[in-house]
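Notes follow the structure.
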Amino acid sequence: MEVEGSSKKMIATQAEMVEARVPLAYRDQCAHLLIPLNKCRQAELFLPWKCENERHSYEKCEYELVMERMLQMQKIREQEAKLKQPQSQSIPLIPKTANA
């Protein structure tokens with residue numbers, strides 16, 4: 001399943017996410033890494049020094065998604081700035097008078 005505007009594909013299916021009880025807010029392209037992380041956390045009684053590999057891979061995936069969204073937003077802002085730039089130059093802020 002392809003997500004529009006993202007280079008990463010959805011690996012976990014809706015059924016897998018429902019079965020693993022993944023909250024709606026966390027059902028993104030990294031959910032396939034969150035499912036084994038949550039299982040590991042439950043098995044290890046949520047000890048913070050356990051499941052480090054799973055947590056690192058999940059957090060790296062989330063970080064890459066955030067960086068990708070930031071780059072996309074930066075491109076959008078640059079495109080909007082290019083569109084606004086010619087308009088602001090064509091209309092002078094102070095009109096020229098007939099005598100000047």
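Each chain of the structure tokens is named A, B, ... in the order shown, its residues numbered from 1; ligands are numbered from 1 in display order.
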| said: Using only C-alpha atoms, which protein or nucleic acid residues come within 12 Å of Lys9 (chain A)? Drop anything in the same chain fewer than 2 positions from it, and give the result as an NGL selection string. | reply: :A and (1-7 or 11-13 or 28-32 or 61 or 65)
Store the residues picked out above, limited to all heavy atoms, as a compact mmCIF listing (two decimals), in the first residue's frame.
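Below is the file that was written, result.txt:
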# COMPACT_ATOMS: atom_id res chain seq x y z
N MET A 1 0.84 -1.17 0.00
CA MET A 1 0.00 0.00 0.00
C MET A 1 0.89 1.24 0.00
O MET A 1 1.77 1.38 0.83
CB MET A 1 -0.89 -0.03 1.25
CG MET A 1 -1.91 1.05 1.29
SD MET A 1 -3.18 0.66 2.49
CE MET A 1 -2.78 1.82 3.75
N GLU A 2 0.68 2.13 -0.92
CA GLU A 2 1.49 3.33 -1.08
C GLU A 2 0.79 4.52 -0.40
O GLU A 2 -0.40 4.71 -0.53
CB GLU A 2 1.67 3.63 -2.57
CG GLU A 2 2.57 4.80 -2.86
CD GLU A 2 4.03 4.45 -2.74
OE1 GLU A 2 4.38 3.28 -2.82
OE2 GLU A 2 4.83 5.38 -2.54
N VAL A 3 1.57 5.29 0.32
CA VAL A 3 1.05 6.49 0.98
C VAL A 3 1.45 7.68 0.13
O VAL A 3 2.61 7.83 -0.23
CB VAL A 3 1.60 6.62 2.41
CG1 VAL A 3 1.12 7.90 3.05
CG2 VAL A 3 1.21 5.42 3.24
N GLU A 4 0.49 8.54 -0.20
CA GLU A 4 0.74 9.68 -1.07
C GLU A 4 1.69 10.66 -0.39
O GLU A 4 1.53 11.01 0.77
CB GLU A 4 -0.58 10.38 -1.38
CG GLU A 4 -0.44 11.50 -2.39
CD GLU A 4 -1.77 12.11 -2.75
OE1 GLU A 4 -2.78 11.42 -2.69
OE2 GLU A 4 -1.76 13.30 -3.09
N GLY A 5 2.71 11.09 -1.12
CA GLY A 5 3.65 12.07 -0.62
C GLY A 5 4.77 11.50 0.22
O GLY A 5 5.53 12.24 0.81
N SER A 6 4.89 10.19 0.29
CA SER A 6 5.93 9.59 1.11
C SER A 6 6.68 8.56 0.28
O SER A 6 6.11 7.89 -0.57
CB SER A 6 5.33 8.91 2.34
OG SER A 6 6.33 8.30 3.10
N SER A 7 7.97 8.43 0.58
CA SER A 7 8.78 7.45 -0.13
C SER A 7 8.67 6.06 0.50
O SER A 7 9.03 5.08 -0.13
CB SER A 7 10.24 7.90 -0.15
OG SER A 7 10.74 7.94 1.17
N ILE A 11 3.83 -1.23 5.38
CA ILE A 11 4.13 -2.66 5.41
C ILE A 11 3.09 -3.40 6.24
O ILE A 11 2.61 -4.45 5.84
CB ILE A 11 5.56 -2.89 5.95
CG1 ILE A 11 6.57 -2.25 4.99
CG2 ILE A 11 5.84 -4.37 6.12
CD1 ILE A 11 7.99 -2.28 5.47
N ALA A 12 2.73 -2.83 7.38
CA ALA A 12 1.72 -3.45 8.24
C ALA A 12 0.33 -3.20 7.66
O ALA A 12 0.02 -2.08 7.23
CB ALA A 12 1.80 -2.88 9.65
N THR A 13 -0.48 -4.22 7.65
CA THR A 13 -1.85 -4.07 7.14
C THR A 13 -2.75 -3.55 8.25
O THR A 13 -2.40 -3.57 9.44
CB THR A 13 -2.39 -5.42 6.64
OG1 THR A 13 -2.46 -6.33 7.75
CG2 THR A 13 -1.50 -5.99 5.55
N ASP A 28 1.18 4.63 11.05
CA ASP A 28 1.86 5.26 9.92
C ASP A 28 2.78 4.25 9.26
O ASP A 28 2.65 3.05 9.47
CB ASP A 28 2.61 6.52 10.38
CG ASP A 28 3.61 6.23 11.47
OD1 ASP A 28 3.79 5.04 11.83
OD2 ASP A 28 4.23 7.17 11.97
N GLN A 29 3.73 4.73 8.46
CA GLN A 29 4.62 3.84 7.73
C GLN A 29 5.60 3.11 8.66
O GLN A 29 6.30 2.21 8.21
CB GLN A 29 5.42 4.62 6.67
CG GLN A 29 4.56 5.13 5.55
CD GLN A 29 4.04 6.53 5.81
OE1 GLN A 29 3.99 7.00 6.93
NE2 GLN A 29 3.62 7.20 4.76
N CYS A 30 5.66 3.47 9.93
CA CYS A 30 6.55 2.80 10.88
C CYS A 30 5.80 1.84 11.80
O CYS A 30 6.40 1.29 12.73
CB CYS A 30 7.28 3.84 11.71
SG CYS A 30 8.31 4.94 10.72
N ALA A 31 4.54 1.62 11.56
CA ALA A 31 3.74 0.76 12.44
C ALA A 31 4.26 -0.67 12.43
O ALA A 31 4.14 -1.38 13.44
CB ALA A 31 2.28 0.80 12.02
N HIS A 32 4.86 -1.09 11.32
CA HIS A 32 5.39 -2.46 11.27
C HIS A 32 6.55 -2.65 12.25
O HIS A 32 6.85 -3.78 12.64
CB HIS A 32 5.84 -2.80 9.84
CG HIS A 32 7.02 -2.03 9.37
ND1 HIS A 32 6.93 -0.71 8.98
CD2 HIS A 32 8.32 -2.38 9.25
CE1 HIS A 32 8.13 -0.28 8.62
NE2 HIS A 32 9.00 -1.27 8.77
N CYS A 61 12.97 5.27 12.13
CA CYS A 61 11.94 5.32 11.08
C CYS A 61 11.09 6.58 11.24
O CYS A 61 10.82 7.29 10.27
CB CYS A 61 11.09 4.07 11.13
SG CYS A 61 9.80 4.00 9.89
N LEU A 65 10.71 9.90 8.71
CA LEU A 65 9.43 10.42 8.22
C LEU A 65 9.30 11.92 8.50
O LEU A 65 8.83 12.68 7.65
CB LEU A 65 8.26 9.67 8.86
CG LEU A 65 7.95 8.29 8.33
CD1 LEU A 65 6.80 7.67 9.11
CD2 LEU A 65 7.61 8.33 6.87
- Would you list, as a PyMOL selection string, the residues of chain A that end up in alpha helix (DSSP H) under DSSP run on this structure's backbone? chain A and resi 14-19+31-43+52-90
I need the chosen residues saved as a PDB file, in the first residue's frame, with C-alpha atoms.
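See part_27.pdb below for the written result:
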ATOM      1  CA  GLN A  14      -4.910  -2.614   8.841  1.00  0.00           C
ATOM      2  CA  ALA A  15      -5.795  -6.062  10.193  1.00  0.00           C
ATOM      3  CA  GLU A  16      -2.346  -6.478  11.761  1.00  0.00           C
ATOM      4  CA  MET A  17      -2.539  -3.055  13.367  1.00  0.00           C
ATOM      5  CA  VAL A  18      -6.021  -3.732  14.750  1.00  0.00           C
ATOM      6  CA  GLU A  19      -4.904  -7.113  16.095  1.00  0.00           C
ATOM      7  CA  ALA A  31       3.744   0.757  12.439  1.00  0.00           C
ATOM      8  CA  HIS A  32       5.392  -2.463  11.268  1.00  0.00           C
ATOM      9  CA  LEU A  33       8.233  -1.641  13.671  1.00  0.00           C
ATOM     10  CA  LEU A  34       5.958  -0.559  16.504  1.00  0.00           C
ATOM     11  CA  ILE A  35       4.137  -3.900  16.671  1.00  0.00           C
ATOM     12  CA  PRO A  36       7.198  -5.983  17.670  1.00  0.00           C
ATOM     13  CA  LEU A  37       8.399  -3.143  19.925  1.00  0.00           C
ATOM     14  CA  ASN A  38       5.156  -3.176  21.894  1.00  0.00           C
ATOM     15  CA  LYS A  39       5.246  -6.972  22.131  1.00  0.00           C
ATOM     16  CA  CYS A  40       8.806  -6.805  23.454  1.00  0.00           C
ATOM     17  CA  ARG A  41       7.854  -4.084  25.937  1.00  0.00           C
ATOM     18  CA  GLN A  42       5.001  -6.177  27.312  1.00  0.00           C
ATOM     19  CA  ALA A  43       7.190  -9.281  27.538  1.00  0.00           C
ATOM     20  CA  GLU A  52      16.725  -1.159  22.697  1.00  0.00           C
ATOM     21  CA  ASN A  53      17.207  -2.460  19.142  1.00  0.00           C
ATOM     22  CA  GLU A  54      13.483  -2.420  18.423  1.00  0.00           C
ATOM     23  CA  ARG A  55      13.070   1.037  19.927  1.00  0.00           C
ATOM     24  CA  HIS A  56      16.036   2.418  17.994  1.00  0.00           C
ATOM     25  CA  SER A  57      14.765   1.100  14.665  1.00  0.00           C
ATOM     26  CA  TYR A  58      11.268   2.487  15.337  1.00  0.00           C
ATOM     27  CA  GLU A  59      12.551   5.913  16.406  1.00  0.00           C
ATOM     28  CA  LYS A  60      14.873   6.074  13.383  1.00  0.00           C
ATOM     29  CA  CYS A  61      11.945   5.324  11.083  1.00  0.00           C
ATOM     30  CA  GLU A  62       9.850   8.063  12.720  1.00  0.00           C
ATOM     31  CA  TYR A  63      12.762  10.507  12.476  1.00  0.00           C
ATOM     32  CA  GLU A  64      13.150   9.796   8.759  1.00  0.00           C
ATOM     33  CA  LEU A  65       9.430  10.418   8.219  1.00  0.00           C
ATOM     34  CA  VAL A  66       9.623  13.761  10.043  1.00  0.00           C
ATOM     35  CA  MET A  67      12.673  14.828   8.051  1.00  0.00           C
ATOM     36  CA  GLU A  68      10.953  13.844   4.813  1.00  0.00           C
ATOM     37  CA  ARG A  69       7.892  15.939   5.729  1.00  0.00           C
ATOM     38  CA  MET A  70      10.119  18.886   6.638  1.00  0.00           C
ATOM     39  CA  LEU A  71      11.875  18.724   3.261  1.00  0.00           C
ATOM     40  CA  GLN A  72       8.534  18.545   1.460  1.00  0.00           C
ATOM     41  CA  MET A  73       7.265  21.579   3.376  1.00  0.00           C
ATOM     42  CA  GLN A  74      10.460  23.486   2.609  1.00  0.00           C
ATOM     43  CA  LYS A  75       9.985  22.796  -1.112  1.00  0.00           C
ATOM     44  CA  ILE A  76       6.383  23.984  -0.918  1.00  0.00           C
ATOM     45  CA  ARG A  77       7.441  27.200   0.810  1.00  0.00           C
ATOM     46  CA  GLU A  78      10.135  27.827  -1.809  1.00  0.00           C
ATOM     47  CA  GLN A  79       7.605  27.310  -4.609  1.00  0.00           C
ATOM     48  CA  GLU A  80       5.156  29.702  -2.954  1.00  0.00           C
ATOM     49  CA  ALA A  81       7.907  32.287  -2.515  1.00  0.00           C
ATOM     50  CA  LYS A  82       8.753  32.048  -6.218  1.00  0.00           C
ATOM     51  CA  LEU A  83       5.105  32.541  -7.132  1.00  0.00           C
ATOM     52  CA  LYS A  84       4.712  35.548  -4.828  1.00  0.00           C
ATOM     53  CA  GLN A  85       7.963  37.240  -5.818  1.00  0.00           C
ATOM     54  CA  PRO A  86       6.982  38.427  -9.334  1.00  0.00           C
ATOM     55  CA  GLN A  87       3.617  39.704  -8.103  1.00  0.00           C
ATOM     56  CA  SER A  88       5.154  41.889  -5.410  1.00  0.00           C
ATOM     57  CA  GLN A  89       7.634  43.424  -7.890  1.00  0.00           C
ATOM     58  CA  SER A  90       4.999  44.245 -10.512  1.00  0.00           C
TER      59      SER A  90
END
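Reported to one decimal place, the separation of CA of Tyr26 (chain A) from CA of Glu44 (chain A) is 21.2 Å.
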